[in-house]
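Coordinates as given in start_27.txt (compact mmCIF, N, CA and C atoms):
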```
# COMPACT_ATOMS: atom_id res chain seq x y z
N THR Y 71 73.14 65.52 3.97
CA THR Y 71 72.83 64.13 3.67
C THR Y 71 71.49 64.00 2.99
N SER Y 72 70.45 64.63 3.56
CA SER Y 72 69.12 64.50 2.95
C SER Y 72 69.08 65.18 1.59
N LYS Y 73 69.87 66.26 1.40
CA LYS Y 73 69.92 66.90 0.09
C LYS Y 73 70.49 65.94 -0.94
N SER Y 74 71.47 65.14 -0.57
CA SER Y 74 72.07 64.16 -1.48
C SER Y 74 71.04 63.11 -1.89
N VAL Y 75 70.28 62.64 -0.93
CA VAL Y 75 69.26 61.62 -1.22
C VAL Y 75 68.21 62.20 -2.16
N VAL Y 76 67.75 63.41 -1.87
CA VAL Y 76 66.76 64.06 -2.73
C VAL Y 76 67.33 64.27 -4.13
N ASN Y 77 68.60 64.67 -4.21
CA ASN Y 77 69.23 64.89 -5.51
C ASN Y 77 69.33 63.59 -6.30
N ILE Y 78 69.66 62.49 -5.65
CA ILE Y 78 69.74 61.20 -6.32
C ILE Y 78 68.36 60.79 -6.84
N ILE Y 79 67.33 60.94 -6.01
CA ILE Y 79 65.97 60.60 -6.43
C ILE Y 79 65.54 61.50 -7.60
N PHE Y 80 65.78 62.80 -7.47
CA PHE Y 80 65.43 63.74 -8.53
C PHE Y 80 66.12 63.37 -9.84
N THR Y 81 67.42 63.07 -9.75
CA THR Y 81 68.20 62.74 -10.95
C THR Y 81 67.72 61.43 -11.56
N GLY Y 82 67.42 60.43 -10.74
CA GLY Y 82 66.89 59.17 -11.25
C GLY Y 82 65.56 59.38 -11.97
N ASN Y 83 64.68 60.18 -11.38
CA ASN Y 83 63.40 60.47 -12.02
C ASN Y 83 63.60 61.26 -13.31
N TRP Y 84 64.54 62.20 -13.29
CA TRP Y 84 64.83 62.99 -14.49
C TRP Y 84 65.34 62.09 -15.62
N MET Y 85 66.25 61.16 -15.28
CA MET Y 85 66.78 60.23 -16.28
C MET Y 85 65.67 59.35 -16.85
N MET Y 86 64.77 58.88 -16.00
CA MET Y 86 63.65 58.06 -16.48
C MET Y 86 62.75 58.86 -17.42
N GLN Y 87 62.54 60.14 -17.11
CA GLN Y 87 61.72 60.98 -17.99
C GLN Y 87 62.42 61.18 -19.34
N GLN Y 88 63.74 61.34 -19.32
CA GLN Y 88 64.50 61.47 -20.57
C GLN Y 88 64.33 60.20 -21.41
N MET Y 89 64.43 59.04 -20.76
CA MET Y 89 64.26 57.77 -21.49
C MET Y 89 62.82 57.64 -22.01
N HIS Y 90 61.86 58.00 -21.19
CA HIS Y 90 60.45 57.94 -21.61
C HIS Y 90 60.25 58.80 -22.85
N ASP Y 91 60.77 60.03 -22.84
CA ASP Y 91 60.61 60.94 -23.97
C ASP Y 91 61.31 60.40 -25.21
N LEU Y 92 62.49 59.79 -25.03
CA LEU Y 92 63.24 59.24 -26.15
C LEU Y 92 62.51 58.05 -26.78
N LEU Y 93 61.89 57.21 -25.93
CA LEU Y 93 61.26 55.97 -26.41
C LEU Y 93 59.83 56.16 -26.91
N LYS Y 94 59.17 57.22 -26.49
CA LYS Y 94 57.76 57.43 -26.83
C LYS Y 94 57.50 57.37 -28.34
N PRO Y 95 58.31 58.03 -29.19
CA PRO Y 95 58.04 57.94 -30.62
C PRO Y 95 58.13 56.52 -31.19
N PHE Y 96 58.80 55.63 -30.47
CA PHE Y 96 58.95 54.25 -30.91
C PHE Y 96 57.86 53.34 -30.34
N GLY Y 97 56.98 53.91 -29.53
CA GLY Y 97 55.88 53.15 -28.95
C GLY Y 97 56.28 52.20 -27.84
N LEU Y 98 57.38 52.52 -27.15
CA LEU Y 98 57.87 51.68 -26.07
C LEU Y 98 57.97 52.47 -24.78
N THR Y 99 57.83 51.76 -23.67
CA THR Y 99 58.14 52.33 -22.36
C THR Y 99 59.58 51.94 -22.02
N PRO Y 100 60.19 52.63 -21.06
CA PRO Y 100 61.55 52.23 -20.66
C PRO Y 100 61.61 50.77 -20.20
N GLN Y 101 60.57 50.28 -19.54
CA GLN Y 101 60.56 48.90 -19.07
C GLN Y 101 60.49 47.91 -20.24
N GLN Y 102 59.68 48.23 -21.26
CA GLN Y 102 59.60 47.37 -22.43
C GLN Y 102 60.94 47.35 -23.17
N TYR Y 103 61.56 48.52 -23.26
CA TYR Y 103 62.87 48.61 -23.90
C TYR Y 103 63.89 47.76 -23.13
N ASN Y 104 63.83 47.80 -21.82
CA ASN Y 104 64.74 47.01 -20.99
C ASN Y 104 64.57 45.51 -21.28
N VAL Y 105 63.32 45.06 -21.41
CA VAL Y 105 63.07 43.65 -21.73
C VAL Y 105 63.67 43.30 -23.09
N LEU Y 106 63.46 44.15 -24.09
CA LEU Y 106 64.02 43.88 -25.41
C LEU Y 106 65.54 43.84 -25.38
N ARG Y 107 66.16 44.73 -24.62
CA ARG Y 107 67.62 44.72 -24.53
C ARG Y 107 68.13 43.45 -23.86
N ILE Y 108 67.43 43.01 -22.83
CA ILE Y 108 67.81 41.77 -22.14
C ILE Y 108 67.73 40.60 -23.11
N LEU Y 109 66.64 40.54 -23.86
CA LEU Y 109 66.46 39.44 -24.82
C LEU Y 109 67.48 39.50 -25.95
N ARG Y 110 67.78 40.70 -26.42
CA ARG Y 110 68.78 40.82 -27.49
C ARG Y 110 70.13 40.32 -27.01
N GLY Y 111 70.45 40.56 -25.76
CA GLY Y 111 71.70 40.11 -25.18
C GLY Y 111 71.83 38.60 -25.10
N GLN Y 112 70.71 37.90 -25.23
CA GLN Y 112 70.72 36.43 -25.19
C GLN Y 112 71.15 35.81 -26.51
N GLN Y 113 71.26 36.62 -27.57
CA GLN Y 113 71.72 36.15 -28.88
C GLN Y 113 70.92 34.94 -29.35
N ASN Y 114 69.60 35.14 -29.44
CA ASN Y 114 68.65 34.14 -29.94
C ASN Y 114 68.44 32.94 -29.02
N ASN Y 115 68.94 33.01 -27.80
CA ASN Y 115 68.64 31.98 -26.82
C ASN Y 115 67.41 32.43 -26.04
N PRO Y 116 66.54 31.49 -25.68
CA PRO Y 116 65.32 31.88 -24.98
C PRO Y 116 65.58 32.24 -23.53
N MET Y 117 64.64 32.98 -22.97
CA MET Y 117 64.66 33.29 -21.54
C MET Y 117 63.25 33.10 -21.01
N THR Y 118 63.15 32.64 -19.79
CA THR Y 118 61.84 32.58 -19.15
C THR Y 118 61.51 33.96 -18.60
N VAL Y 119 60.24 34.18 -18.32
CA VAL Y 119 59.82 35.46 -17.75
C VAL Y 119 60.51 35.68 -16.41
N LEU Y 120 60.67 34.62 -15.62
CA LEU Y 120 61.35 34.75 -14.33
C LEU Y 120 62.80 35.22 -14.51
N ALA Y 121 63.49 34.66 -15.49
CA ALA Y 121 64.87 35.07 -15.75
C ALA Y 121 64.94 36.53 -16.21
N ILE Y 122 63.96 36.94 -17.00
CA ILE Y 122 63.90 38.34 -17.42
C ILE Y 122 63.72 39.24 -16.21
N THR Y 123 62.80 38.87 -15.32
CA THR Y 123 62.52 39.65 -14.12
C THR Y 123 63.79 39.85 -13.30
N GLU Y 124 64.58 38.80 -13.16
CA GLU Y 124 65.80 38.87 -12.35
C GLU Y 124 66.82 39.84 -12.92
N ARG Y 125 66.79 40.08 -14.23
CA ARG Y 125 67.77 40.95 -14.87
C ARG Y 125 67.27 42.36 -15.13
N MET Y 126 66.01 42.62 -14.84
CA MET Y 126 65.44 43.94 -15.12
C MET Y 126 66.00 45.01 -14.19
N LEU Y 127 66.09 46.22 -14.71
CA LEU Y 127 66.52 47.36 -13.90
C LEU Y 127 65.45 47.72 -12.88
N ASP Y 128 64.20 47.68 -13.30
CA ASP Y 128 63.06 48.02 -12.44
C ASP Y 128 62.46 46.73 -11.90
N LYS Y 129 62.84 46.38 -10.69
CA LYS Y 129 62.40 45.11 -10.10
C LYS Y 129 60.90 45.07 -9.80
N MET Y 130 60.26 46.24 -9.83
CA MET Y 130 58.81 46.29 -9.55
C MET Y 130 57.98 46.06 -10.81
N SER Y 131 58.62 45.97 -11.96
CA SER Y 131 57.89 45.76 -13.21
C SER Y 131 57.29 44.37 -13.27
N ASN Y 132 56.15 44.26 -13.92
CA ASN Y 132 55.50 42.99 -14.16
C ASN Y 132 56.00 42.47 -15.51
N ALA Y 133 57.03 41.65 -15.48
CA ALA Y 133 57.67 41.19 -16.71
C ALA Y 133 56.70 40.40 -17.59
N SER Y 134 55.81 39.65 -16.99
CA SER Y 134 54.84 38.88 -17.77
C SER Y 134 53.95 39.81 -18.59
N ARG Y 135 53.48 40.86 -17.97
CA ARG Y 135 52.64 41.84 -18.67
C ARG Y 135 53.44 42.55 -19.75
N LEU Y 136 54.70 42.89 -19.47
CA LEU Y 136 55.55 43.54 -20.46
C LEU Y 136 55.77 42.64 -21.67
N VAL Y 137 56.02 41.36 -21.42
CA VAL Y 137 56.21 40.40 -22.52
C VAL Y 137 54.92 40.30 -23.34
N ASP Y 138 53.77 40.29 -22.67
CA ASP Y 138 52.48 40.24 -23.39
C ASP Y 138 52.34 41.44 -24.32
N LYS Y 139 52.72 42.62 -23.85
CA LYS Y 139 52.61 43.83 -24.68
C LYS Y 139 53.59 43.78 -25.85
N LEU Y 140 54.79 43.29 -25.60
CA LEU Y 140 55.78 43.17 -26.68
C LEU Y 140 55.35 42.11 -27.69
N PHE Y 141 54.71 41.05 -27.21
CA PHE Y 141 54.17 40.00 -28.09
C PHE Y 141 53.08 40.59 -28.98
N ALA Y 142 52.19 41.39 -28.40
CA ALA Y 142 51.11 42.02 -29.17
C ALA Y 142 51.67 42.96 -30.24
N LYS Y 143 52.84 43.54 -29.97
CA LYS Y 143 53.48 44.44 -30.94
C LYS Y 143 54.33 43.66 -31.94
N LYS Y 144 54.34 42.32 -31.81
CA LYS Y 144 55.10 41.43 -32.70
C LYS Y 144 56.61 41.69 -32.64
N LEU Y 145 57.09 41.98 -31.42
CA LEU Y 145 58.51 42.21 -31.20
C LEU Y 145 59.19 41.03 -30.53
N VAL Y 146 58.40 40.16 -29.88
CA VAL Y 146 58.92 38.96 -29.24
C VAL Y 146 57.99 37.79 -29.54
N SER Y 147 58.50 36.59 -29.37
CA SER Y 147 57.65 35.39 -29.47
C SER Y 147 57.68 34.67 -28.14
N ARG Y 148 56.62 33.92 -27.89
CA ARG Y 148 56.51 33.12 -26.67
C ARG Y 148 56.24 31.68 -27.08
N ILE Y 149 57.01 30.78 -26.49
CA ILE Y 149 56.84 29.35 -26.77
C ILE Y 149 56.88 28.62 -25.44
N GLN Y 150 55.96 27.68 -25.27
CA GLN Y 150 55.95 26.92 -24.02
C GLN Y 150 57.28 26.19 -23.86
N CYS Y 151 57.87 26.30 -22.69
CA CYS Y 151 59.16 25.70 -22.39
C CYS Y 151 59.04 24.17 -22.42
N GLU Y 152 59.95 23.52 -23.13
CA GLU Y 152 59.91 22.06 -23.22
C GLU Y 152 60.27 21.39 -21.90
N LYS Y 153 61.18 22.01 -21.12
CA LYS Y 153 61.65 21.42 -19.88
C LYS Y 153 60.65 21.60 -18.73
N ASP Y 154 59.91 22.71 -18.78
CA ASP Y 154 58.97 23.03 -17.70
C ASP Y 154 57.69 23.57 -18.33
N ARG Y 155 56.65 22.77 -18.36
CA ARG Y 155 55.39 23.12 -19.02
C ARG Y 155 54.74 24.37 -18.42
N ARG Y 156 55.11 24.74 -17.19
CA ARG Y 156 54.54 25.93 -16.57
C ARG Y 156 55.23 27.20 -17.01
N ALA Y 157 56.42 27.07 -17.58
CA ALA Y 157 57.21 28.23 -17.99
C ALA Y 157 57.03 28.51 -19.49
N VAL Y 158 57.34 29.75 -19.86
CA VAL Y 158 57.27 30.17 -21.26
C VAL Y 158 58.65 30.71 -21.64
N ASP Y 159 59.15 30.22 -22.79
CA ASP Y 159 60.40 30.75 -23.33
C ASP Y 159 60.07 31.97 -24.18
N VAL Y 160 60.84 33.02 -24.02
CA VAL Y 160 60.63 34.27 -24.75
C VAL Y 160 61.86 34.53 -25.61
N TYR Y 161 61.60 34.86 -26.87
CA TYR Y 161 62.65 35.18 -27.83
C TYR Y 161 62.39 36.57 -28.41
N ILE Y 162 63.44 37.29 -28.73
CA ILE Y 162 63.27 38.54 -29.46
C ILE Y 162 63.15 38.20 -30.94
N LEU Y 163 62.22 38.86 -31.62
CA LEU Y 163 62.03 38.67 -33.06
C LEU Y 163 62.88 39.68 -33.83
N PRO Y 164 63.11 39.44 -35.11
CA PRO Y 164 63.89 40.40 -35.91
C PRO Y 164 63.33 41.83 -35.83
N ALA Y 165 62.02 41.97 -35.77
CA ALA Y 165 61.42 43.31 -35.66
C ALA Y 165 61.83 43.98 -34.34
N GLY Y 166 61.95 43.20 -33.27
CA GLY Y 166 62.38 43.74 -31.98
C GLY Y 166 63.83 44.18 -32.03
N SER Y 167 64.68 43.37 -32.66
CA SER Y 167 66.10 43.73 -32.81
C SER Y 167 66.25 44.97 -33.67
N ALA Y 168 65.47 45.06 -34.75
CA ALA Y 168 65.54 46.22 -35.64
C ALA Y 168 65.11 47.49 -34.91
N LEU Y 169 64.09 47.37 -34.07
CA LEU Y 169 63.62 48.53 -33.31
C LEU Y 169 64.70 49.00 -32.34
N ILE Y 170 65.34 48.07 -31.67
CA ILE Y 170 66.43 48.44 -30.75
C ILE Y 170 67.55 49.15 -31.51
N ASN Y 171 67.88 48.66 -32.69
CA ASN Y 171 68.92 49.30 -33.49
C ASN Y 171 68.54 50.73 -33.85
N GLN Y 172 67.28 50.97 -34.16
CA GLN Y 172 66.81 52.33 -34.45
C GLN Y 172 66.96 53.23 -33.20
N ILE Y 173 66.57 52.69 -32.07
CA ILE Y 173 66.61 53.45 -30.82
C ILE Y 173 68.06 53.76 -30.44
N GLU Y 174 68.96 52.82 -30.68
CA GLU Y 174 70.37 53.00 -30.31
C GLU Y 174 70.97 54.24 -30.97
N VAL Y 175 70.53 54.56 -32.19
CA VAL Y 175 71.03 55.75 -32.87
C VAL Y 175 70.71 57.00 -32.04
N HIS Y 176 69.49 57.06 -31.51
CA HIS Y 176 69.08 58.20 -30.69
C HIS Y 176 69.76 58.17 -29.31
N LEU Y 177 69.96 56.99 -28.78
CA LEU Y 177 70.64 56.87 -27.49
C LEU Y 177 72.10 57.30 -27.58
N ASP Y 178 72.72 57.07 -28.74
CA ASP Y 178 74.11 57.49 -28.91
C ASP Y 178 74.24 59.00 -28.71
N GLU Y 179 73.28 59.76 -29.19
CA GLU Y 179 73.31 61.22 -29.01
C GLU Y 179 73.19 61.57 -27.53
N PHE Y 180 72.30 60.87 -26.84
CA PHE Y 180 72.12 61.08 -25.40
C PHE Y 180 73.42 60.74 -24.65
N ARG Y 181 74.06 59.64 -25.04
CA ARG Y 181 75.32 59.25 -24.41
C ARG Y 181 76.42 60.29 -24.65
N LYS Y 182 76.43 60.86 -25.86
CA LYS Y 182 77.42 61.91 -26.16
C LYS Y 182 77.24 63.11 -25.24
N GLN Y 183 75.99 63.46 -24.97
CA GLN Y 183 75.72 64.58 -24.07
C GLN Y 183 76.23 64.27 -22.67
N ILE Y 184 75.99 63.06 -22.20
CA ILE Y 184 76.45 62.65 -20.87
C ILE Y 184 77.98 62.61 -20.81
N SER Y 185 78.59 62.16 -21.90
CA SER Y 185 80.05 62.02 -21.90
C SER Y 185 80.76 63.38 -21.81
N GLN Y 186 80.03 64.47 -22.02
CA GLN Y 186 80.63 65.79 -21.89
C GLN Y 186 81.09 66.07 -20.45
N LEU Y 187 80.60 65.27 -19.51
CA LEU Y 187 81.07 65.40 -18.12
C LEU Y 187 82.54 65.00 -17.99
N GLY Y 188 83.02 64.22 -18.93
CA GLY Y 188 84.40 63.77 -18.89
C GLY Y 188 84.52 62.39 -18.27
N GLU Y 189 85.46 61.63 -18.80
CA GLU Y 189 85.63 60.24 -18.36
C GLU Y 189 85.94 60.13 -16.87
N GLU Y 190 86.81 61.00 -16.36
CA GLU Y 190 87.19 60.93 -14.95
C GLU Y 190 86.01 61.25 -14.04
N ASN Y 191 85.23 62.28 -14.40
CA ASN Y 191 84.05 62.63 -13.61
C ASN Y 191 83.00 61.52 -13.62
N LEU Y 192 82.80 60.91 -14.78
CA LEU Y 192 81.83 59.82 -14.88
C LEU Y 192 82.28 58.60 -14.07
N LYS Y 193 83.58 58.33 -14.10
CA LYS Y 193 84.13 57.23 -13.31
C LYS Y 193 83.89 57.50 -11.82
N GLN Y 194 84.17 58.72 -11.40
CA GLN Y 194 83.96 59.10 -10.00
C GLN Y 194 82.47 59.02 -9.63
N LEU Y 195 81.61 59.49 -10.52
CA LEU Y 195 80.17 59.41 -10.28
C LEU Y 195 79.73 57.97 -10.08
N ASN Y 196 80.19 57.07 -10.95
CA ASN Y 196 79.84 55.65 -10.82
C ASN Y 196 80.33 55.07 -9.50
N GLU Y 197 81.55 55.41 -9.13
CA GLU Y 197 82.11 54.90 -7.86
C GLU Y 197 81.30 55.41 -6.67
N LEU Y 198 80.94 56.69 -6.70
CA LEU Y 198 80.14 57.25 -5.60
C LEU Y 198 78.76 56.61 -5.51
N LEU Y 199 78.13 56.40 -6.64
CA LEU Y 199 76.82 55.76 -6.63
C LEU Y 199 76.91 54.31 -6.14
N ASP Y 200 77.95 53.60 -6.56
CA ASP Y 200 78.17 52.23 -6.06
C ASP Y 200 78.37 52.23 -4.55
N GLN Y 201 79.18 53.16 -4.05
CA GLN Y 201 79.41 53.27 -2.61
C GLN Y 201 78.13 53.63 -1.86
N PHE Y 202 77.36 54.52 -2.44
CA PHE Y 202 76.10 54.93 -1.83
C PHE Y 202 75.17 53.73 -1.66
N ARG Y 203 74.99 52.95 -2.73
CA ARG Y 203 74.10 51.77 -2.64
C ARG Y 203 74.66 50.76 -1.64
N ALA Y 204 75.97 50.55 -1.64
CA ALA Y 204 76.57 49.57 -0.74
C ALA Y 204 76.41 50.00 0.72
N SER Y 205 76.43 51.30 0.96
CA SER Y 205 76.37 51.79 2.34
C SER Y 205 74.99 51.66 2.96
N ILE Y 206 73.96 51.54 2.14
CA ILE Y 206 72.60 51.47 2.69
C ILE Y 206 71.95 50.10 2.47
N SER Y 207 72.70 49.15 1.95
CA SER Y 207 72.09 47.83 1.75
C SER Y 207 72.47 46.86 2.84
```

Would you mind writing the structure in this file as structure tokens?
Amino acid sequence: TSKSVVNIIFTGNWMMQQMHDLLKPFGLTPQQYNVLRILRGQQNNPMTVLAITERMLDKMSNASRLVDKLFAKKLVSRIQCEKDRRAVDVYILPAGSALINQIEVHLDEFRKQISQLGEENLKQLNELLDQFRASIS
């Protein structure tokens, strides 16, 4: 049992390092990339920082700080929310979408490597990981 837990942690850390290495040439962290992907999925609709936080893979990330860094890189825009003056609407800019498209080409190669495990094995892996999380929550 403990070997399984250690293996899951090791594999999660290994996957994050792979993502870090893949994104480094593009000047992004995995967390910044996650924010851009979330925003791209909105199809030009704004999101508040709170809404971004709720959808992030890494719940410990400071989404406000990540948005600030992406804003400084001119990949997103921030506009004060009309409905709630305390909130900020965040949009992905064309440069952010273009960067994600560039990254996707490299991610496709990574996905091809993973797919060598076979569809049935990957399906089983997903089911086991889902069961694992459900059993300890």

message: What's the separation between CA of Gln201 (chain Y) and CA of Met89 (chain Y), in Å to one decimal place?
response: 24.6 Å

message: So that I can check the surroundings of Lys129 (chain Y), please list as a count of residues only every protein, DNA and RNA residue that reaches within 12 Å of it, counting only C-alpha atoms and ignoring chain neighbours fewer than 4 positions away.
response: 10

- request: Would you work out the distance separating atom C of Tyr161 (chain Y) from CA of Val146 (chain Y), expressed in Å to one decimal?
  value: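 So the two atoms, atom C of Tyr161 (chain Y) and CA of Val146 (chain Y), lie 4.3 Å apart.
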
field: Computed interatomic separation between CA of Ser131 (chain Y) and CA of Thr71 (chain Y) (Å)
entry: 29.1 Å
